[in-house]
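Each remark here refers to the structure printed beneath this line.
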Amino acid sequence: MSHSTGDSALSERVAAVIVAGGSGHRFGSRKQFAALRGRSVLQHAIDAAAEVADQIVVVVPADVVDETRSSIRAECPTEVVPGGETRSASVRAGLRLAADSTYVFVHDGARPLATEALFRRVLDALRAGAAGAIPAVAVADTIREIDASAAPLDRSSLRAVQTPQGFRTSVLRAAHESEAEASDDATLVAALGETVELVDGETTNRKITDPEDLAIARAILDSMDSDPTNPELRIGQGFDIHPFSEDADRPMVLGGVTFADAGPGLAGHSDADVIAHAVTDALLGACGMGDIGQHFPDTDPALAGADSIELLRRAVADIRAAGWSPLNADCSVVLDRPKLAPRRSEMQERLSEAVGAPVTVKGKRPEGIGALGRHEGIACWASALVRRT
């Protein structure tokens, strides 16, 4: 989340109501949950709003509130609430939770391509004193009324209105007090006699209505990422440590390889493979997807004795589904035993196969320092590089 600097920005709060309550009759399914480059259409809309908002309220059909709450992510406090029978009713449902905000955005959950810059243009107009601000683009096509005998409308005076629409929260609340209905919130605010300013919209800010729109959105995102000299790269760090087990028969597993003659293995809920765990953490961290404990909690009985290489594969599958591709990972393992060098290539091969990218492993001696130097356990630090796909 990123805010403008300045004293006035320090005391204000910005909320965003993401309206995603549609049934998707024309699309053939609920379009807001359709996959677009590894994320849902709705998640794209949330991600853009989260760059400027202190709070997000997502409004969805009542039967998918719990599912939506568990599947979305945001970098600011986020609520998911059931919508109403109409768009205006859904906005009111979201607005109730944004009551303490200074400004509020209303954005279509089916508009995945709105940029942070567009949200900021709307917000800047509000900070300059506008009661409401809405993005709009020029109409390129000739527009006629249904009566074909009527003259074409003067398109130079027409604009196509988009979201996010922004308002002073007190003004939007007043506009909705009558529970009136309108196709957008600017219409309700204008009915109060308030002035709504137009800001430059974005021609790429398309609303997903038909399956063809999803294909176009995908092509637009592809074109945005087409410059190979400017890829979106992220780096993540991972760490794991386990003590040696008191069970003399417990196997030692490192990097997916069993060291049969290394003495007792490491204690842990799974196979306690510190290398695989650290790599998993580094990859998840690079993608902003939490850590291994969130994905594979040690309170889950189904994971008792789990193969950590398999857990790594599952994490990588989630990462790829979220639109990221691992490029490489590197590990530093601090231990006195066992010696890694004789089986380094085997570990690297297993890890690399699970990640789908090169993984390197280095062993470092603790030199008698601390718990690791007293041979109480093994620790691993890992770093990983990922790229947006």
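Identifiers in the structure tokens: chain A, B, ... in order shown; residue index from 1 per chain; ligand index from 1 in order shown.
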
Determine, using only C-alpha atoms, which residues of range 118-229 of chain A have any atom at most 12 Å from an atom of range 17-20 of chain A, and tabulate each with its shortest atom pair and distance in Å to one decimal place, rows ordered by chain and then rising number, as a tab-separated table.
```
residue	atom	partner	partner_atom	distance
A:Thr163	CA	A:Ile18	CA	10.0
A:Pro164	CA	A:Ile18	CA	9.0
A:Gln165	CA	A:Val17	CA	10.0
A:Gly166	CA	A:Val17	CA	10.0
A:Phe167	CA	A:Val17	CA	11.3
A:Thr169	CA	A:Val17	CA	11.2
A:Leu172	CA	A:Val17	CA	11.8
A:Asp184	CA	A:Val19	CA	11.2
A:Asp185	CA	A:Val17	CA	11.7
A:Lys207	CA	A:Ala20	CA	11.8
A:Ile208	CA	A:Ala20	CA	11.4
```

- Write out as a ChimeraX atom specification each polymer residue whose atoms come within 8 Å of Ala304 in chain A, counting only C-alpha atoms; drop sequence neighbours fewer than 5 positions from it. /A:269-271,298

- Message: Please determine, counting only C-alpha atoms, which residue among A:Ala384, A:Val14, A:Leu198, A:Val333 has the shortest atom-to-atom distance to Pro366 in chain A.
- Response: A:Val333

- Item | Which of A:Ser88, A:Ser101, A:Ser170, A:Ser71 sits closest to Ser183 in chain A [using only C-alpha atoms] |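 Looking only at the distances to Ser183 in chain A, the closest residue turns out to be A:Ser88.
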
Write out as a Markdown table a residue-level contact list of range 222-292 of chain A versus range 310-317 of chain A with cut-off 8 Å: for each qualifying residue the closest pair of atoms and the distance in Å to one decimal, counting only C-alpha atoms, rows sorted by chain and residue number upward.
```
| residue | atom | partner | partner_atom | distance |
| --- | --- | --- | --- | --- |
| A:Ala276 | CA | A:Leu312 | CA | 6.6 |
| A:His277 | CA | A:Leu312 | CA | 7.4 |
| A:Val279 | CA | A:Leu312 | CA | 7.8 |
| A:Thr280 | CA | A:Leu312 | CA | 5.5 |
| A:Leu283 | CA | A:Val316 | CA | 7.7 |
| A:Leu284 | CA | A:Ala315 | CA | 7.4 |
```

Mind dumping the selected residues with N, CA and C atoms as a compact mmCIF listing (two decimals), in the first residue's frame?
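Written file, part29.txt:
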```
# COMPACT_ATOMS: atom_id res chain seq x y z
N ALA A 276 14.76 -28.37 1.81
CA ALA A 276 13.51 -28.24 1.06
C ALA A 276 12.60 -27.20 1.70
N HIS A 277 12.57 -27.16 3.03
CA HIS A 277 11.72 -26.19 3.71
C HIS A 277 12.19 -24.76 3.46
N VAL A 279 13.91 -23.61 0.91
CA VAL A 279 13.63 -23.26 -0.49
C VAL A 279 12.15 -22.93 -0.67
N THR A 280 11.28 -23.73 -0.07
CA THR A 280 9.84 -23.47 -0.14
C THR A 280 9.52 -22.09 0.42
N LEU A 283 10.68 -19.23 -1.97
CA LEU A 283 9.83 -19.07 -3.15
C LEU A 283 8.50 -18.43 -2.78
N LEU A 284 7.87 -18.90 -1.71
CA LEU A 284 6.60 -18.32 -1.29
C LEU A 284 6.78 -16.85 -0.91
```

Residues of range 39-169 of chain A in strand (DSSP E or B) according to DSSP, as a short mmCIF file (atom, residue, chain, number, x, y, z; two decimals) with N, CA and C atoms, in the first residue's frame?
```cif
data_model
loop_
_atom_site.label_atom_id
_atom_site.label_comp_id
_atom_site.auth_asym_id
_atom_site.auth_seq_id
_atom_site.Cartn_x
_atom_site.Cartn_y
_atom_site.Cartn_z
N ARG A 39 -4.21 -15.26 -11.81
CA ARG A 39 -5.02 -14.68 -10.74
C ARG A 39 -6.44 -14.55 -11.23
N SER A 40 -7.37 -14.45 -10.30
CA SER A 40 -8.75 -14.22 -10.72
C SER A 40 -8.90 -12.78 -11.21
N GLN A 55 -8.24 0.40 3.27
CA GLN A 55 -9.24 -0.62 3.58
C GLN A 55 -9.94 -1.01 2.29
N ILE A 56 -10.23 -2.30 2.15
CA ILE A 56 -10.96 -2.78 0.98
C ILE A 56 -12.16 -3.58 1.47
N VAL A 57 -13.31 -3.32 0.86
CA VAL A 57 -14.51 -4.11 1.12
C VAL A 57 -14.92 -4.75 -0.20
N VAL A 58 -14.95 -6.07 -0.24
CA VAL A 58 -15.30 -6.81 -1.45
C VAL A 58 -16.74 -7.30 -1.28
N VAL A 59 -17.58 -6.99 -2.26
CA VAL A 59 -18.99 -7.37 -2.21
C VAL A 59 -19.24 -8.45 -3.25
N VAL A 60 -19.69 -9.63 -2.80
CA VAL A 60 -19.87 -10.78 -3.68
C VAL A 60 -21.22 -11.42 -3.40
N THR A 78 -9.04 -6.18 4.74
CA THR A 78 -10.03 -6.51 3.71
C THR A 78 -11.21 -7.24 4.32
N GLU A 79 -12.41 -6.80 3.97
CA GLU A 79 -13.65 -7.45 4.40
C GLU A 79 -14.36 -8.00 3.17
N VAL A 80 -15.07 -9.11 3.32
CA VAL A 80 -15.89 -9.66 2.25
C VAL A 80 -17.32 -9.75 2.78
N VAL A 81 -18.26 -9.13 2.06
CA VAL A 81 -19.65 -9.09 2.51
C VAL A 81 -20.58 -9.49 1.38
N PRO A 82 -21.76 -9.99 1.71
CA PRO A 82 -22.73 -10.34 0.66
C PRO A 82 -23.36 -9.10 0.05
N TYR A 103 -12.25 9.29 1.93
CA TYR A 103 -12.62 9.10 0.53
C TYR A 103 -12.91 7.62 0.29
N VAL A 104 -13.75 7.36 -0.69
CA VAL A 104 -14.06 5.97 -1.00
C VAL A 104 -14.09 5.79 -2.52
N PHE A 105 -13.47 4.74 -2.98
CA PHE A 105 -13.58 4.31 -4.37
C PHE A 105 -14.69 3.28 -4.49
N VAL A 106 -15.38 3.29 -5.61
CA VAL A 106 -16.27 2.19 -5.98
C VAL A 106 -15.75 1.66 -7.30
N HIS A 107 -15.37 0.39 -7.31
CA HIS A 107 -14.72 -0.19 -8.48
C HIS A 107 -15.37 -1.51 -8.84
N ASP A 108 -15.51 -1.75 -10.13
CA ASP A 108 -16.07 -3.01 -10.62
C ASP A 108 -15.07 -4.14 -10.43
N GLY A 132 -16.79 14.34 -6.19
CA GLY A 132 -16.67 13.05 -6.86
C GLY A 132 -15.79 13.19 -8.08
N ALA A 133 -15.14 12.11 -8.46
CA ALA A 133 -14.29 12.10 -9.66
C ALA A 133 -14.41 10.75 -10.32
N ILE A 134 -14.59 10.76 -11.64
CA ILE A 134 -14.78 9.50 -12.36
C ILE A 134 -13.91 9.49 -13.61
N PRO A 135 -13.33 8.35 -13.94
CA PRO A 135 -12.54 8.26 -15.17
C PRO A 135 -13.45 8.09 -16.38
N ALA A 136 -13.06 8.70 -17.49
CA ALA A 136 -13.85 8.62 -18.72
C ALA A 136 -12.92 8.67 -19.92
N VAL A 137 -13.34 8.03 -21.00
CA VAL A 137 -12.57 8.03 -22.24
C VAL A 137 -13.47 8.49 -23.38
N ALA A 138 -12.85 9.05 -24.41
CA ALA A 138 -13.60 9.52 -25.57
C ALA A 138 -14.26 8.34 -26.28
N ARG A 159 -18.69 10.80 -23.54
CA ARG A 159 -17.58 10.08 -22.91
C ARG A 159 -18.10 8.75 -22.36
N ALA A 160 -17.27 7.73 -22.44
CA ALA A 160 -17.59 6.43 -21.84
C ALA A 160 -17.01 6.43 -20.42
N VAL A 161 -17.86 6.17 -19.45
CA VAL A 161 -17.47 6.26 -18.04
C VAL A 161 -16.99 4.90 -17.55
N GLN A 165 -14.65 4.87 -9.57
CA GLN A 165 -15.22 6.17 -9.29
C GLN A 165 -14.91 6.50 -7.84
N GLY A 166 -14.50 7.75 -7.60
CA GLY A 166 -14.12 8.14 -6.24
C GLY A 166 -14.99 9.26 -5.72
N PHE A 167 -15.23 9.29 -4.40
CA PHE A 167 -16.10 10.28 -3.80
C PHE A 167 -15.62 10.60 -2.39
N ARG A 168 -15.98 11.80 -1.93
CA ARG A 168 -15.89 12.02 -0.49
C ARG A 168 -16.91 11.08 0.15
#
```

- Note on the structure: Taken to one decimal, the CA of Thr102 in chain A-CA of Ser11 in chain A distance is 8.9 Å

- Item | DSSP alpha helix (DSSP H) residues within range 17-238 of chain A, listed as a PyMOL selection string | chain A and resi 41-50+65-71+87-95+116-127+169-176+185-191+211-224

- Query: Hey, which of A:Ala180, A:Ala272, A:Leu385, A:Val334 ends up closest to Cys287 in chain A? Count only C-alpha atoms.
  - Reply: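 Checking each of A:Ala180, A:Ala272, A:Leu385, A:Val334 against Cys287 in chain A, counting only C-alpha atoms, the winner is A:Leu385.
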
- Taking into account only C-alpha atoms, which residue in the set A:Leu254, A:Ala248, A:Ile319, A:Ala215 is nearest to Asp291 in chain A?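 The shortest atom-to-atom distance to Asp291 in chain A comes from A:Ile319.
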
Tell me which protein, DNA and RNA residues are within 8 Å of Arg344 in chain A, counting only C-alpha atoms, leaving out same-chain ones fewer than 4 positions away, and put them as a CSV table (one decimal) with C-alpha atoms, in the first residue's frame.
```
chain,number,residue,atom,x,y,z
A,340,LEU,CA,27.1,-32.8,1.8
A,348,GLN,CA,20.6,-30.3,-6.4
A,361,VAL,CA,23.4,-26.2,-2.4
A,362,LYS,CA,26.4,-25.2,-0.3
```

- Task: Can you work out which one of A:Arg250, A:His176, A:Lys31, A:His375 has the shortest atom-to-atom distance to Arg87 in chain A, counting only C-alpha atoms?
- Result: A:His176

- Query: Which neighbours of Gly38 in chain A fall inside 10 Å, counting only C-alpha atoms, when residues of the same chain fewer than 3 positions from it are skipped, and could you give them as a list in words?
  - Reply: Ala34, Ala35, Val41, Gln43, His44, Asp318, Ile319, Arg320, Ala321, Ala322, Gly323, Trp324, Arg388 and Thr389 of chain A

Same residues, N, CA and C atoms, output as a JSON list (two decimals), in the first residue's frame:
```json
[["chain", "number", "residue", "atom", "x", "y", "z"],
["A", 34, "ALA", "N", -13.09, -15.71, -12.90],
["A", 34, "ALA", "CA", -12.40, -16.33, -14.03],
["A", 34, "ALA", "C", -10.89, -16.11, -13.89],
["A", 35, "ALA", "N", -10.11, -17.07, -14.34],
["A", 35, "ALA", "CA", -8.66, -16.98, -14.25],
["A", 35, "ALA", "C", -8.11, -16.06, -15.33],
["A", 41, "VAL", "N", -9.93, -12.55, -12.03],
["A", 41, "VAL", "CA", -10.25, -11.20, -12.46],
["A", 41, "VAL", "C", -10.42, -10.30, -11.24],
["A", 43, "GLN", "N", -9.13, -10.66, -8.22],
["A", 43, "GLN", "CA", -7.87, -10.41, -7.53],
["A", 43, "GLN", "C", -7.08, -9.30, -8.21],
["A", 44, "HIS", "N", -7.10, -9.25, -9.55],
["A", 44, "HIS", "CA", -6.45, -8.15, -10.27],
["A", 44, "HIS", "C", -7.03, -6.81, -9.82],
["A", 318, "ASP", "N", 1.29, -23.95, -6.67],
["A", 318, "ASP", "CA", 0.51, -22.78, -6.24],
["A", 318, "ASP", "C", 1.12, -21.49, -6.76],
["A", 319, "ILE", "N", 2.45, -21.43, -6.73],
["A", 319, "ILE", "CA", 3.15, -20.24, -7.20],
["A", 319, "ILE", "C", 2.90, -20.02, -8.69],
["A", 320, "ARG", "N", 2.99, -21.08, -9.46],
["A", 320, "ARG", "CA", 2.75, -20.95, -10.91],
["A", 320, "ARG", "C", 1.29, -20.58, -11.18],
["A", 321, "ALA", "N", 0.36, -21.13, -10.41],
["A", 321, "ALA", "CA", -1.05, -20.79, -10.59],
["A", 321, "ALA", "C", -1.31, -19.32, -10.28],
["A", 322, "ALA", "N", -0.48, -18.74, -9.41],
["A", 322, "ALA", "CA", -0.62, -17.32, -9.07],
["A", 322, "ALA", "C", 0.11, -16.42, -10.06],
["A", 323, "GLY", "N", 0.69, -16.99, -11.09],
["A", 323, "GLY", "CA", 1.30, -16.17, -12.14],
["A", 323, "GLY", "C", 2.78, -15.91, -11.98],
["A", 324, "TRP", "N", 3.50, -16.78, -11.24],
["A", 324, "TRP", "CA", 4.94, -16.60, -11.05],
["A", 324, "TRP", "C", 5.69, -17.84, -11.54],
["A", 388, "ARG", "N", 7.38, -12.75, -12.94],
["A", 388, "ARG", "CA", 5.97, -12.74, -13.29],
["A", 388, "ARG", "C", 5.79, -13.35, -14.68],
["A", 389, "THR", "N", 4.86, -14.30, -14.82],
["A", 389, "THR", "CA", 4.64, -14.93, -16.12],
["A", 389, "THR", "C", 3.43, -14.32, -16.80]]
```

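With only C-alpha atoms as the atoms that count, the residue of A:Ile309, A:Ile46, A:Ile216, A:Leu266 with the shortest distance to Ile378 in chain A is A:Leu266.
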
- Give me the residues within 8 Å of Ile235 in chain A as a PyMOL selection string, counting only C-alpha atoms and dropping any in the same chain fewer than 3 places off. chain A and resi 282+285-286+383-386

Keeping C-alpha atoms, export the residues of the selection given above as a PDB file, in the first residue's frame.
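Output file part22.pdb is given in full below:
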```
ATOM      1  CA  ALA A 282      12.062 -18.441  -0.139  1.00  0.00           C
ATOM      2  CA  GLY A 285       8.128 -15.174   0.175  1.00  0.00           C
ATOM      3  CA  ALA A 286       9.255 -13.926  -3.235  1.00  0.00           C
ATOM      4  CA  SER A 383      17.237 -17.242  -1.519  1.00  0.00           C
ATOM      5  CA  ALA A 384      15.062 -17.510  -4.611  1.00  0.00           C
ATOM      6  CA  LEU A 385      14.361 -15.470  -7.734  1.00  0.00           C
ATOM      7  CA  VAL A 386      10.978 -15.524  -9.460  1.00  0.00           C
TER       8      VAL A 386
END
```

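CA of Pro243 in chain A is positioned 23.8 Å from CA of Ala329 in chain A.
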
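The neighbours of Leu214 in chain A here are the residues that come within 12 Å of it, using only C-alpha atoms and leaving out any residue fewer than 3 positions away in the same chain; they are A:Phe27, A:Lys31, A:Gln32, A:Phe33, A:Ala34, A:Ala35, A:Leu36, A:Arg37, A:Ser40, A:Val41, A:Ala110, A:Arg111, A:Pro112, A:Leu113, A:Asn205, A:Arg206, A:Lys207, A:Ile208, A:Thr209, A:Asp210, A:Pro211, A:Ala217, A:Arg218, A:Ala219, A:Ile220, A:Leu221.
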
Write the residues of the selection above to a file with C-alpha atoms, as a compact mmCIF listing (two decimals), in the first residue's frame.
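Result saved to result_26.txt:
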```
# COMPACT_ATOMS: atom_id res chain seq x y z
CA PHE A 27 -20.30 -14.62 -19.57
CA LYS A 31 -16.70 -13.68 -14.55
CA GLN A 32 -15.16 -12.06 -11.46
CA PHE A 33 -13.66 -15.45 -10.53
CA ALA A 34 -12.40 -16.33 -14.03
CA ALA A 35 -8.66 -16.98 -14.25
CA LEU A 36 -6.53 -14.27 -15.85
CA ARG A 37 -2.79 -14.77 -15.97
CA SER A 40 -8.75 -14.22 -10.72
CA VAL A 41 -10.25 -11.20 -12.46
CA ALA A 110 -14.91 -7.21 -13.40
CA ARG A 111 -12.41 -4.48 -14.38
CA PRO A 112 -9.05 -6.19 -13.84
CA LEU A 113 -6.87 -3.78 -15.83
CA ASN A 205 -9.50 -0.49 -18.56
CA ARG A 206 -12.06 -2.85 -20.09
CA LYS A 207 -14.92 -4.44 -18.22
CA ILE A 208 -15.13 -8.20 -18.59
CA THR A 209 -18.61 -8.97 -19.92
CA ASP A 210 -18.18 -11.71 -22.53
CA PRO A 211 -15.55 -14.47 -22.87
CA ALA A 217 -7.60 -8.62 -21.34
CA ARG A 218 -5.12 -11.47 -21.49
CA ALA A 219 -3.65 -10.05 -24.71
CA ILE A 220 -3.35 -6.59 -23.12
CA LEU A 221 -1.46 -8.02 -20.16
```
